[in-house]
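With mmCIF, C-alpha atoms inside, this is final_9.cif:
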```cif
data_query
#
loop_
_atom_site.label_atom_id
_atom_site.label_comp_id
_atom_site.auth_asym_id
_atom_site.auth_seq_id
_atom_site.Cartn_x
_atom_site.Cartn_y
_atom_site.Cartn_z
CA MET B 6 -27.49 18.91 -25.75
CA ILE B 7 -23.70 18.68 -25.56
CA THR B 8 -22.48 17.77 -22.06
CA SER B 9 -18.87 16.88 -22.87
CA ILE B 10 -16.27 17.87 -25.41
CA ALA B 11 -13.48 15.83 -23.80
CA ALA B 12 -11.57 13.26 -25.80
CA ASN B 13 -12.83 9.71 -25.37
CA HIS B 14 -9.89 8.69 -23.19
CA ALA B 15 -10.59 11.62 -20.83
CA LYS B 16 -14.36 11.34 -20.45
CA GLY B 17 -15.55 10.60 -16.91
CA LYS B 18 -12.22 11.17 -15.22
CA SER B 19 -12.30 12.62 -11.72
CA ALA B 20 -10.31 11.92 -8.59
CA GLN B 21 -11.66 12.39 -5.10
CA ASP B 22 -8.46 11.94 -3.14
CA LYS B 23 -9.32 10.40 0.23
CA ILE B 24 -6.12 11.66 1.85
CA PHE B 25 -6.72 15.31 1.00
CA GLY B 26 -10.42 14.92 1.82
CA ALA B 27 -9.66 13.51 5.28
CA ASN B 28 -7.14 16.29 5.90
CA ALA B 29 -9.70 18.93 4.93
CA ALA B 30 -12.15 17.47 7.47
CA ALA B 31 -9.45 17.57 10.16
CA VAL B 32 -8.60 21.20 9.37
CA ALA B 33 -12.29 22.14 9.60
CA ALA B 34 -12.60 20.38 12.98
CA ALA B 35 -9.48 22.16 14.28
CA ALA B 36 -10.98 25.52 13.29
CA LYS B 37 -14.21 24.62 15.10
CA TYR B 38 -12.95 22.94 18.28
CA GLY B 39 -9.32 24.10 18.55
CA ALA B 40 -6.20 22.37 17.20
CA ASP B 41 -5.33 20.96 20.63
CA LYS B 42 -8.55 18.93 20.65
CA VAL B 43 -8.07 17.42 17.15
CA THR B 44 -5.78 14.57 16.10
CA ASN B 45 -4.90 14.89 12.41
CA ALA B 46 -3.37 11.55 11.38
CA THR B 47 -3.85 12.14 7.65
CA ILE B 48 -0.80 14.21 6.64
CA GLY B 49 2.10 12.52 4.83
CA ALA B 50 4.65 15.05 6.06
CA ILE B 51 6.71 15.41 9.23
CA LEU B 52 5.16 17.62 11.89
CA ASP B 53 7.11 18.26 15.07
CA GLU B 54 5.82 17.85 18.63
CA ASN B 55 4.15 21.28 18.31
CA GLU B 56 2.47 20.15 15.05
CA LYS B 57 4.51 22.51 12.90
CA LEU B 58 5.66 21.39 9.46
CA VAL B 59 9.33 20.42 9.65
CA CYS B 60 12.04 21.71 7.35
CA LEU B 61 15.50 20.35 8.15
CA PRO B 62 17.53 23.41 9.26
CA THR B 63 20.57 22.63 7.10
CA ILE B 64 18.38 22.12 4.03
CA GLU B 65 16.67 25.45 4.64
CA LYS B 66 19.99 27.25 5.13
CA VAL B 67 21.48 25.88 1.88
CA TYR B 68 18.27 26.43 -0.10
CA ARG B 69 17.79 30.02 1.07
CA GLY B 70 21.50 30.76 0.57
CA LEU B 71 21.51 30.02 -3.16
CA ALA B 72 22.38 32.81 -5.58
CA THR B 73 19.44 34.36 -7.40
CA ASN B 74 20.59 32.81 -10.66
CA GLU B 75 20.38 29.34 -9.09
CA LEU B 76 16.91 30.12 -7.80
CA ILE B 77 15.37 31.31 -11.06
CA ALA B 78 17.29 29.97 -14.07
CA TYR B 79 16.10 27.07 -16.20
CA ALA B 80 17.75 23.73 -15.59
CA PRO B 81 18.65 21.22 -18.32
CA ILE B 82 15.74 18.92 -19.18
CA SER B 83 17.51 15.82 -17.89
CA GLY B 84 18.64 17.66 -14.72
CA LEU B 85 21.69 19.58 -13.51
CA PRO B 86 24.81 17.47 -14.15
CA ASP B 87 26.05 17.77 -10.54
CA TYR B 88 22.58 16.80 -9.29
CA LEU B 89 22.47 13.72 -11.53
CA ASP B 90 25.86 12.67 -10.19
CA LYS B 91 25.14 13.29 -6.50
CA VAL B 92 21.57 11.95 -6.51
CA ILE B 93 22.96 8.49 -7.34
CA THR B 94 25.16 8.75 -4.23
CA ALA B 95 22.21 10.03 -2.18
CA ALA B 96 20.08 7.09 -3.26
CA PHE B 97 22.57 4.23 -3.03
CA GLY B 98 25.05 5.32 -0.35
CA THR B 99 27.80 2.68 -0.13
CA SER B 100 25.56 0.04 -1.77
CA ARG B 101 25.80 1.24 -5.37
CA PRO B 102 24.88 -1.76 -7.53
CA GLU B 103 27.21 -3.07 -10.22
CA GLY B 104 26.15 -2.29 -13.77
CA TYR B 105 25.40 0.67 -16.00
CA ILE B 106 23.61 3.47 -14.13
CA ALA B 107 21.98 6.69 -15.29
CA ALA B 108 19.72 9.26 -13.63
CA VAL B 109 17.03 11.55 -15.06
CA ALA B 110 15.53 14.37 -13.01
CA THR B 111 11.78 14.14 -12.40
CA ALA B 112 8.93 16.05 -10.79
CA GLY B 113 9.11 14.22 -7.47
CA GLY B 114 8.87 10.48 -7.03
CA THR B 115 5.50 10.63 -8.79
CA GLY B 116 7.29 11.76 -11.94
CA VAL B 117 9.39 8.60 -11.87
CA ILE B 118 6.30 6.43 -11.66
CA HIS B 119 4.67 8.40 -14.51
CA HIS B 120 7.63 7.99 -16.85
CA THR B 121 8.07 4.32 -15.98
CA ILE B 122 4.43 3.49 -16.71
CA TRP B 123 4.48 5.49 -19.97
CA ASN B 124 7.81 4.24 -21.33
CA TYR B 125 7.91 0.63 -20.13
CA MET B 126 4.30 -0.47 -20.66
CA ASP B 127 2.24 -0.68 -23.82
CA ALA B 128 -1.35 0.60 -23.88
CA GLY B 129 -3.73 -1.86 -22.23
CA GLU B 130 -1.01 -3.75 -20.37
CA THR B 131 -1.18 -4.55 -16.66
CA ALA B 132 1.31 -3.48 -13.98
CA LEU B 133 1.65 -5.28 -10.67
CA THR B 134 1.98 -4.08 -7.07
CA SER B 135 0.99 -5.30 -3.60
CA ASP B 136 -2.60 -5.21 -2.33
CA TRP B 137 -1.62 -2.48 0.15
CA TYR B 138 -0.42 0.37 -2.04
CA TRP B 139 -0.34 4.13 -2.52
CA GLY B 140 -3.55 4.99 -4.40
CA PRO B 141 -1.98 7.20 -7.13
CA TYR B 142 -0.27 4.10 -8.62
CA LYS B 143 -3.69 3.12 -9.95
CA VAL B 144 -4.64 6.67 -10.99
CA LEU B 145 -1.39 7.00 -12.97
CA CYS B 146 -1.93 3.66 -14.71
CA GLN B 147 -5.54 4.42 -15.61
CA ASP B 148 -4.77 7.93 -16.85
CA MET B 149 -2.33 6.47 -19.37
CA GLY B 150 -4.58 3.63 -20.52
CA ARG B 151 -2.87 0.93 -18.46
CA LYS B 152 -4.19 -1.36 -15.71
CA LEU B 153 -2.99 -2.28 -12.23
CA ASP B 154 -3.27 -5.70 -10.59
CA THR B 155 -2.23 -6.72 -7.08
CA TYR B 156 -0.89 -9.69 -5.14
CA LYS B 157 -1.42 -10.35 -1.43
CA MET B 158 1.61 -8.65 0.17
CA LEU B 159 1.69 -10.58 3.45
CA ASP B 160 0.96 -14.24 4.17
CA GLU B 161 -0.96 -15.59 7.17
CA ASN B 162 2.18 -15.14 9.33
CA ASN B 163 2.60 -11.49 8.23
CA LYS B 164 5.70 -12.39 6.20
CA TYR B 165 6.36 -11.13 2.66
CA ASN B 166 4.28 -13.31 0.37
CA LEU B 167 6.66 -14.53 -2.35
CA PRO B 168 4.37 -17.38 -3.52
CA ALA B 169 1.52 -14.92 -4.16
CA LEU B 170 3.89 -12.64 -6.05
CA LYS B 171 5.21 -15.53 -8.14
CA ALA B 172 1.71 -16.64 -9.14
CA LYS B 173 0.77 -13.14 -10.32
CA VAL B 174 4.07 -12.55 -12.15
CA ASN B 175 3.60 -15.79 -14.09
CA GLU B 176 -0.08 -15.06 -14.75
CA ILE B 177 0.59 -11.59 -16.20
CA LEU B 178 3.66 -12.63 -18.21
CA GLY B 179 1.53 -15.45 -19.63
CA LYS B 180 -0.61 -12.77 -21.29
CA GLN B 181 1.85 -9.98 -22.19
CA LYS B 182 5.46 -9.63 -23.28
CA SER B 183 6.55 -7.30 -20.48
CA LEU B 184 5.76 -6.62 -16.85
CA LEU B 185 6.16 -3.54 -14.67
CA LEU B 186 6.49 -4.61 -11.02
CA MET B 187 6.24 -1.73 -8.52
CA ILE B 188 7.51 -2.30 -4.97
CA ASN B 189 7.49 0.46 -2.35
CA THR B 190 10.26 -0.36 0.13
CA PRO B 191 11.72 0.38 2.64
CA ALA B 192 9.16 2.03 4.97
CA HIS B 193 6.21 1.19 2.74
CA ASN B 194 3.29 3.58 2.37
CA PRO B 195 0.75 2.85 3.89
CA THR B 196 1.93 0.07 6.22
CA GLY B 197 5.48 0.90 7.32
CA TYR B 198 6.62 -2.56 6.17
CA SER B 199 10.09 -3.11 4.65
CA LEU B 200 11.37 -5.99 2.53
CA SER B 201 14.49 -7.70 3.87
CA GLU B 202 17.48 -8.41 1.65
CA GLU B 203 16.25 -12.01 1.46
CA ASP B 204 12.78 -10.86 0.43
CA LEU B 205 14.18 -8.75 -2.43
CA GLN B 206 16.41 -11.63 -3.51
CA GLY B 207 13.26 -13.75 -3.64
CA VAL B 208 11.58 -11.14 -5.85
CA ILE B 209 14.57 -11.12 -8.20
CA ASP B 210 14.71 -14.92 -8.34
CA ILE B 211 11.02 -14.97 -9.32
CA ILE B 212 11.38 -12.49 -12.18
CA LYS B 213 14.62 -14.09 -13.40
CA GLU B 214 12.94 -17.50 -13.50
CA ALA B 215 9.82 -16.11 -15.19
CA THR B 216 11.84 -14.53 -18.02
CA ALA B 217 14.70 -17.03 -18.41
CA GLY B 218 15.08 -18.34 -21.96
CA THR B 219 12.29 -16.07 -23.25
CA ASP B 220 12.05 -12.68 -24.94
CA LYS B 221 9.91 -11.39 -22.05
CA THR B 222 11.07 -8.38 -20.04
CA VAL B 223 10.50 -7.08 -16.52
CA THR B 224 10.93 -3.54 -15.23
CA LEU B 225 11.40 -3.62 -11.46
CA LEU B 226 10.52 -0.23 -9.95
CA LEU B 227 11.67 0.30 -6.37
CA ASP B 228 9.85 3.28 -4.89
CA VAL B 229 12.20 4.43 -2.08
CA ALA B 230 10.49 7.72 -1.20
CA TYR B 231 10.81 7.08 2.56
CA ILE B 232 14.30 5.57 2.65
CA ASP B 233 15.81 8.39 4.71
CA TYR B 234 13.42 7.61 7.58
CA ALA B 235 13.61 3.82 7.28
CA GLY B 236 16.46 3.02 9.69
CA GLU B 237 20.25 3.19 9.77
CA LYS B 238 21.35 4.90 6.55
CA GLU B 239 23.68 2.26 5.09
CA GLU B 240 21.81 -0.74 6.51
CA VAL B 241 18.55 0.10 4.72
CA ARG B 242 20.43 0.63 1.44
CA LYS B 243 21.98 -2.85 1.32
CA ILE B 244 19.03 -4.03 -0.77
CA PHE B 245 20.42 -2.10 -3.75
CA LYS B 246 23.31 -4.55 -4.10
CA LYS B 247 20.69 -7.07 -5.21
CA LEU B 248 20.24 -5.06 -8.43
CA SER B 249 23.80 -5.87 -9.57
CA ASN B 250 24.45 -7.73 -12.83
CA LEU B 251 20.89 -8.81 -13.57
CA PRO B 252 20.06 -10.22 -17.01
CA ALA B 253 19.62 -7.56 -19.71
CA ASN B 254 15.87 -8.29 -19.95
CA ILE B 255 15.42 -7.01 -16.36
CA LEU B 256 15.67 -3.24 -15.92
CA SER B 257 15.74 -1.85 -12.38
CA ILE B 258 14.46 1.68 -11.77
CA VAL B 259 14.80 3.41 -8.41
CA ALA B 260 12.26 6.16 -7.72
CA TYR B 261 14.10 8.69 -5.56
CA SER B 262 12.30 11.66 -4.03
CA MET B 263 13.53 14.83 -2.32
CA SER B 264 10.10 15.40 -0.75
CA LYS B 265 10.66 13.43 2.45
CA GLY B 266 14.43 13.08 2.85
CA PHE B 267 14.94 16.79 2.22
CA THR B 268 11.57 18.00 3.61
CA LEU B 269 11.00 19.80 0.29
CA TYR B 270 7.56 18.33 -0.49
CA GLY B 271 6.21 21.16 -2.62
CA GLN B 272 9.39 21.63 -4.62
CA ARG B 273 8.50 18.46 -6.58
CA THR B 274 12.02 17.19 -7.17
CA GLY B 275 13.10 13.59 -7.64
CA ALA B 276 15.10 11.33 -9.90
CA MET B 277 14.59 8.10 -11.78
CA ILE B 278 17.74 6.02 -11.55
CA GLY B 279 18.13 3.16 -14.00
CA VAL B 280 20.36 0.13 -13.38
CA SER B 281 21.11 -2.46 -16.08
CA SER B 282 23.82 -4.88 -17.12
CA SER B 283 23.35 -3.54 -20.67
CA LYS B 284 24.95 -0.28 -21.83
CA GLU B 285 22.42 0.01 -24.66
CA ILE B 286 19.44 -0.36 -22.28
CA ILE B 287 20.76 2.45 -20.05
CA GLU B 288 21.51 4.72 -23.02
CA GLU B 289 17.95 4.13 -24.18
CA PHE B 290 16.70 4.78 -20.62
CA ALA B 291 18.39 8.19 -20.46
CA ALA B 292 17.19 9.18 -23.94
CA ILE B 293 13.52 8.17 -23.77
CA ASN B 294 12.91 9.48 -20.26
CA GLN B 295 14.49 12.85 -21.04
CA TYR B 296 12.23 12.98 -24.11
CA THR B 297 9.16 12.27 -21.96
CA SER B 298 10.22 14.98 -19.53
CA ARG B 299 10.32 17.45 -22.42
CA ALA B 300 6.85 16.30 -23.44
CA THR B 301 5.42 16.47 -19.91
CA TRP B 302 6.90 19.25 -17.75
CA SER B 303 9.98 20.27 -19.75
CA ASN B 304 12.39 20.81 -16.85
CA ILE B 305 12.08 20.79 -13.07
CA ASN B 306 13.03 22.79 -9.97
CA ARG B 307 16.61 24.03 -10.28
CA PRO B 308 17.15 25.30 -6.69
CA ALA B 309 16.08 22.01 -5.11
CA MET B 310 18.48 20.11 -7.37
CA LYS B 311 21.27 22.56 -6.53
CA THR B 312 20.54 22.13 -2.82
CA LEU B 313 21.08 18.36 -3.02
CA ALA B 314 24.22 18.77 -5.14
CA ASN B 315 25.72 21.30 -2.71
CA ILE B 316 24.95 19.24 0.39
CA TYR B 317 26.33 16.00 -1.06
CA SER B 318 29.48 17.88 -2.16
CA ASP B 319 30.21 19.12 1.37
CA PRO B 320 30.94 16.52 4.11
CA GLU B 321 30.05 18.97 6.92
CA LEU B 322 26.70 19.91 5.40
CA LEU B 323 25.93 16.27 4.74
CA ALA B 324 26.80 15.23 8.29
CA ALA B 325 24.55 17.99 9.68
CA THR B 326 21.69 16.96 7.38
CA GLU B 327 22.01 13.29 8.35
CA LYS B 328 22.02 14.16 12.05
CA GLU B 329 18.83 16.19 11.62
CA ARG B 330 17.18 13.39 9.65
CA ASP B 331 18.10 10.89 12.34
CA ASP B 332 16.61 13.09 15.06
CA TYR B 333 13.27 13.15 13.23
CA TYR B 334 13.49 9.43 12.44
CA GLN B 335 13.83 8.81 16.19
CA MET B 336 10.86 11.13 16.87
CA ILE B 337 8.63 9.23 14.42
CA LYS B 338 9.87 5.87 15.74
CA ALA B 339 8.94 6.83 19.31
CA ARG B 340 5.40 7.65 18.15
CA ALA B 341 5.07 4.37 16.24
CA ASP B 342 6.52 2.40 19.16
CA LEU B 343 3.94 3.87 21.55
CA PHE B 344 1.05 3.22 19.16
CA THR B 345 2.26 -0.36 18.58
CA LYS B 346 2.61 -1.02 22.33
CA GLU B 347 -0.87 0.32 23.08
CA ALA B 348 -2.34 -1.57 20.11
CA GLU B 349 -0.98 -4.82 21.54
CA GLU B 350 -2.36 -3.97 24.96
CA CYS B 351 -5.89 -3.30 23.69
CA GLY B 352 -5.93 -6.06 21.04
CA LEU B 353 -6.01 -3.76 18.01
CA PRO B 354 -4.74 -5.65 14.94
CA MET B 355 -1.89 -3.96 13.04
CA LEU B 356 0.13 -4.79 9.98
CA PRO B 357 3.83 -5.26 10.82
CA TYR B 358 5.46 -1.82 11.08
CA VAL B 359 9.21 -1.53 10.51
CA ALA B 360 9.67 2.19 9.85
CA GLY B 361 8.33 5.16 7.98
CA PHE B 362 5.59 7.76 8.04
CA PHE B 363 2.56 5.47 8.28
CA LEU B 364 1.12 2.37 9.90
CA SER B 365 -2.04 0.51 8.95
CA ILE B 366 -4.85 -1.31 10.70
CA PRO B 367 -6.65 -3.98 8.65
CA ALA B 368 -10.42 -3.52 8.79
CA LYS B 369 -13.59 -4.48 6.94
CA ASN B 370 -15.36 -1.11 7.07
CA PRO B 371 -12.61 1.52 6.95
CA ASP B 372 -14.84 4.41 5.84
CA ALA B 373 -17.31 3.75 8.66
CA ILE B 374 -14.48 3.41 11.20
CA CYS B 375 -12.94 6.72 10.12
CA ASP B 376 -16.36 8.39 10.32
CA LYS B 377 -16.81 6.99 13.84
CA LEU B 378 -13.37 8.30 14.85
CA HIS B 379 -14.51 11.79 13.87
CA GLU B 380 -16.69 11.70 17.00
CA ASP B 381 -13.41 11.66 18.99
CA ASN B 382 -11.94 14.32 16.66
CA ILE B 383 -9.47 11.76 15.31
CA PHE B 384 -8.94 11.92 11.55
CA ALA B 385 -7.30 9.06 9.66
CA VAL B 386 -7.34 7.87 6.05
CA PRO B 387 -9.71 5.07 4.97
CA LEU B 388 -8.10 2.67 2.47
CA ALA B 389 -9.62 -0.29 0.62
CA ALA B 390 -8.55 -2.82 3.26
CA GLY B 391 -8.04 -0.76 6.39
CA VAL B 392 -7.16 2.50 8.09
CA ARG B 393 -3.91 4.45 7.65
CA ILE B 394 -2.41 6.39 10.56
CA ALA B 395 0.24 9.03 9.76
CA VAL B 396 2.54 8.78 12.79
CA CYS B 397 4.83 11.30 11.07
CA ALA B 398 2.28 14.02 11.80
CA VAL B 399 0.86 13.21 15.26
CA PRO B 400 2.72 14.39 18.38
CA LEU B 401 3.49 11.82 21.06
CA LYS B 402 0.98 13.28 23.52
CA LYS B 403 -1.83 12.69 21.00
CA ILE B 404 -0.63 9.18 20.13
CA ALA B 405 -1.25 8.18 23.76
CA GLY B 406 -4.66 6.50 23.98
CA MET B 407 -5.25 6.64 20.24
CA ALA B 408 -5.03 2.88 19.61
CA ALA B 409 -7.77 2.18 22.17
CA LYS B 410 -10.01 4.75 20.48
CA VAL B 411 -9.45 3.14 17.09
CA GLN B 412 -10.24 -0.27 18.60
CA ALA B 413 -13.43 1.11 20.16
CA ALA B 414 -14.49 2.62 16.84
CA MET B 415 -13.85 -0.71 15.08
CA GLN B 416 -15.96 -2.60 17.61
CA ALA B 417 -18.79 -0.05 17.39
CA VAL B 418 -18.85 -0.37 13.60
CA GLU B 419 -18.66 -4.17 13.67
CA ASN B 420 -21.56 -4.35 16.16
CA LYS B 421 -23.64 -2.11 13.91
CA HIS B 422 -22.87 -4.25 10.85
#
```

Please go through the file and, once you have read it, give me the structure as structure tokens.
Amino acid sequence: MITSIAANHAKGKSAQDKIFGANAAAVAAAAKYGADKVTNATIGAILDENEKLVCLPTIEKVYRGLATNELIAYAPISGLPDYLDKVITAAFGTSRPEGYIAAVATAGGTGVIHHTIWNYMDAGETALTSDWYWGPYKVLCQDMGRKLDTYKMLDENNKYNLPALKAKVNEILGKQKSLLLMINTPAHNPTGYSLSEEDLQGVIDIIKEATAGTDKTVTLLLDVAYIDYAGEKEEVRKIFKKLSNLPANILSIVAYSMSKGFTLYGQRTGAMIGVSSSKEIIEEFAAINQYTSRATWSNINRPAMKTLANIYSDPELLAATEKERDDYYQMIKARADLFTKEAEECGLPMLPYVAGFFLSIPAKNPDAICDKLHEDNIFAVPLAAGVRIAVCAVPLKKIAGMAAKVQAAMQAVENKH
């Protein structure tokens, strides 16, 4: 009896996404008990203090004001030329690195990660990221016949763990000719951690040393999806200067997303921005990634691209957008500050939070803890090493007292185990 006609590489694939599963449970509880009695800390999108999905008013005005032709026409496969120009400015601000730079439009930040894995890793090779990471990194690698390994992100003092990174970089480059290193900073998902300029310099020193005098290559992917809610605009972008004038065997790719910074999650618009000291490497970058776009989704959302281009071409629109972003950054920060304060007061352990949509609590039985929290109608996301709380989505009034409830759930689970 035939039970599968899938190709060998596709057999057995399925993805039960814990984030969407936890959100579905929260939605069901809200329907049963009333939304005011349910805390949904699963959603990776900004909800205001009335738990309504946020769209920045200036973004909405520009988007809805586009001519019909801009709403419905095809865009070039590599992206609208004015978008490709302005997205580099949007990403780097005043910290544009020195070197050759090119951008290719992608289907969100996820599209950048997809293209980078496909075009800068050979089949069977291993990519590297931190032990706290966004789960789809692994799904993307596995779907394309690649592997993902991790290093311990934080040391015993909760500082960025450069020695652990160095050991893994050397281990992997000892077995293969190239390495893809993926780092989500600033405002890391799921912890809210950010690398300092010194931390990123340490990363670069490690990969330069590991490849010096060899024919080995490293692709450094910086996933900056949350950069617009990571702190003061220009301050958080200073890390990009570290990408200047690196050896030609190190390619930097910045994964830029319009989902968060423009509150256009479902429009699936982003850009992969390549930085290299080699003109030939960047010409190759633009060519091969455009080709993969053609082979994957063809072209992407024209109106979202046009919205970014129009806003970054108009100082008044840009100033209004940045003011609105800052207001919501401050809203999220107030929530995280309250949770952090109450966590300290009740002795709940937390990974160091700097900024962003999420914070994380290290735990041994995250699934059991999240199940226990359901008794209080609190819904969070269980990860491999802990529990993720989406402070971007929980109003301040529901943050109050939440840390103590998480701590109580942890203790109940630990006593049972």

List, as a PyMOL selection string, every residue that the PyMOL selection byres ((chain B and resi 168) around 10) selects in the file provided. chain B and resi 156-158+160+165-167+169-174+207-208+211

Write the selection just made, keeping C-alpha atoms, as a short mmCIF file (atom, residue, chain, number, x, y, z; two decimals), keeping the file's coordinate frame?
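The result, stored in part_31.cif:
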```cif
data_model
loop_
_atom_site.label_atom_id
_atom_site.label_comp_id
_atom_site.auth_asym_id
_atom_site.auth_seq_id
_atom_site.Cartn_x
_atom_site.Cartn_y
_atom_site.Cartn_z
CA TYR B 156 -0.89 -9.69 -5.14
CA LYS B 157 -1.42 -10.35 -1.43
CA MET B 158 1.61 -8.65 0.17
CA ASP B 160 0.96 -14.24 4.17
CA TYR B 165 6.36 -11.13 2.66
CA ASN B 166 4.28 -13.31 0.37
CA LEU B 167 6.66 -14.53 -2.35
CA ALA B 169 1.52 -14.92 -4.16
CA LEU B 170 3.89 -12.64 -6.05
CA LYS B 171 5.21 -15.53 -8.14
CA ALA B 172 1.71 -16.64 -9.14
CA LYS B 173 0.77 -13.14 -10.32
CA VAL B 174 4.07 -12.55 -12.15
CA GLY B 207 13.26 -13.75 -3.64
CA VAL B 208 11.58 -11.14 -5.85
CA ILE B 211 11.02 -14.97 -9.32
#
```

Do you know which residues are at most 12 Å from range 308-321 of chain B counting all atoms listed in the file, after dropping those on the same chain fewer than 5 positions away, and could you put them as a PDB file with C-alpha atoms, in the coordinates of the input?
```pdb
ATOM      1  CA  THR B  63      20.570  22.630   7.100  1.00  0.00           C
ATOM      2  CA  ILE B  64      18.380  22.120   4.030  1.00  0.00           C
ATOM      3  CA  GLU B  65      16.670  25.450   4.640  1.00  0.00           C
ATOM      4  CA  LYS B  66      19.990  27.250   5.130  1.00  0.00           C
ATOM      5  CA  VAL B  67      21.480  25.880   1.880  1.00  0.00           C
ATOM      6  CA  TYR B  68      18.270  26.430  -0.100  1.00  0.00           C
ATOM      7  CA  ARG B  69      17.790  30.020   1.070  1.00  0.00           C
ATOM      8  CA  GLY B  70      21.500  30.760   0.570  1.00  0.00           C
ATOM      9  CA  LEU B  71      21.510  30.020  -3.160  1.00  0.00           C
ATOM     10  CA  ALA B  72      22.380  32.810  -5.580  1.00  0.00           C
ATOM     11  CA  THR B  73      19.440  34.360  -7.400  1.00  0.00           C
ATOM     12  CA  ASN B  74      20.590  32.810 -10.660  1.00  0.00           C
ATOM     13  CA  GLU B  75      20.380  29.340  -9.090  1.00  0.00           C
ATOM     14  CA  LEU B  76      16.910  30.120  -7.800  1.00  0.00           C
ATOM     15  CA  ILE B  77      15.370  31.310 -11.060  1.00  0.00           C
ATOM     16  CA  ALA B  78      17.290  29.970 -14.070  1.00  0.00           C
ATOM     17  CA  TYR B  79      16.100  27.070 -16.200  1.00  0.00           C
ATOM     18  CA  ALA B  80      17.750  23.730 -15.590  1.00  0.00           C
ATOM     19  CA  PRO B  81      18.650  21.220 -18.320  1.00  0.00           C
ATOM     20  CA  SER B  83      17.510  15.820 -17.890  1.00  0.00           C
ATOM     21  CA  GLY B  84      18.640  17.660 -14.720  1.00  0.00           C
ATOM     22  CA  LEU B  85      21.690  19.580 -13.510  1.00  0.00           C
ATOM     23  CA  PRO B  86      24.810  17.470 -14.150  1.00  0.00           C
ATOM     24  CA  ASP B  87      26.050  17.770 -10.540  1.00  0.00           C
ATOM     25  CA  TYR B  88      22.580  16.800  -9.290  1.00  0.00           C
ATOM     26  CA  LEU B  89      22.470  13.720 -11.530  1.00  0.00           C
ATOM     27  CA  ASP B  90      25.860  12.670 -10.190  1.00  0.00           C
ATOM     28  CA  LYS B  91      25.140  13.290  -6.500  1.00  0.00           C
ATOM     29  CA  VAL B  92      21.570  11.950  -6.510  1.00  0.00           C
ATOM     30  CA  ILE B  93      22.960   8.490  -7.340  1.00  0.00           C
ATOM     31  CA  THR B  94      25.160   8.750  -4.230  1.00  0.00           C
ATOM     32  CA  ALA B  95      22.210  10.030  -2.180  1.00  0.00           C
ATOM     33  CA  ALA B  96      20.080   7.090  -3.260  1.00  0.00           C
ATOM     34  CA  GLY B  98      25.050   5.320  -0.350  1.00  0.00           C
ATOM     35  CA  VAL B 109      17.030  11.550 -15.060  1.00  0.00           C
ATOM     36  CA  ALA B 110      15.530  14.370 -13.010  1.00  0.00           C
ATOM     37  CA  THR B 111      11.780  14.140 -12.400  1.00  0.00           C
ATOM     38  CA  ALA B 112       8.930  16.050 -10.790  1.00  0.00           C
ATOM     39  CA  GLY B 113       9.110  14.220  -7.470  1.00  0.00           C
ATOM     40  CA  SER B 262      12.300  11.660  -4.030  1.00  0.00           C
ATOM     41  CA  MET B 263      13.530  14.830  -2.320  1.00  0.00           C
ATOM     42  CA  SER B 264      10.100  15.400  -0.750  1.00  0.00           C
ATOM     43  CA  GLY B 266      14.430  13.080   2.850  1.00  0.00           C
ATOM     44  CA  PHE B 267      14.940  16.790   2.220  1.00  0.00           C
ATOM     45  CA  THR B 268      11.570  18.000   3.610  1.00  0.00           C
ATOM     46  CA  LEU B 269      11.000  19.800   0.290  1.00  0.00           C
ATOM     47  CA  TYR B 270       7.560  18.330  -0.490  1.00  0.00           C
ATOM     48  CA  GLY B 271       6.210  21.160  -2.620  1.00  0.00           C
ATOM     49  CA  GLN B 272       9.390  21.630  -4.620  1.00  0.00           C
ATOM     50  CA  ARG B 273       8.500  18.460  -6.580  1.00  0.00           C
ATOM     51  CA  THR B 274      12.020  17.190  -7.170  1.00  0.00           C
ATOM     52  CA  GLY B 275      13.100  13.590  -7.640  1.00  0.00           C
ATOM     53  CA  ALA B 276      15.100  11.330  -9.900  1.00  0.00           C
ATOM     54  CA  THR B 326      21.690  16.960   7.380  1.00  0.00           C
ATOM     55  CA  GLU B 327      22.010  13.290   8.350  1.00  0.00           C
ATOM     56  CA  LYS B 328      22.020  14.160  12.050  1.00  0.00           C
TER      57      LYS B 328
END
```

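Within the 12 Å cut-off around Asp22 in chain B, using only C-alpha atoms and omitting residues fewer than 2 positions from it on the same chain, the listed residues are Ser19, Ala20, Ile24, Phe25, Gly26, Ala27, Asn28, Ala29, Thr47, Trp139, Gly140, Pro141, Val144, Val386, Pro387 and Leu388 of chain B.
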
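What separates CA of Ser298 in chain B from CA of Ser283 in chain B is a distance of 22.7 Å.
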
Around (-3.2, 2.5, 7.8), as given in the file, which residues come within 9 Å? Count only C-alpha atoms and list them as JSON, numbers by chain. {"B": [194, 195, 196, 197, 355, 356, 363, 364, 365, 366, 367, 385, 386, 387, 388, 390, 391, 392, 393, 394, 395]}

As a check of understanding, name the residues that the PyMOL selection byres ((chain B and resi 244-257) around 9) selects in the supplied structure, as a ChimeraX atom specification. /B:97,100-104,200-203,205-206,209,212-213,216-217,220-227,240-243,258-259,278-283,286-287

In Å to one decimal, how far is CA of Ser183 in chain B from CA of Glu285 in chain B? 18.0 Å

Please, what distance in Å, to one decimal, runs between CA of Arg340 in chain B and CA of Pro400 in chain B? 7.3 Å
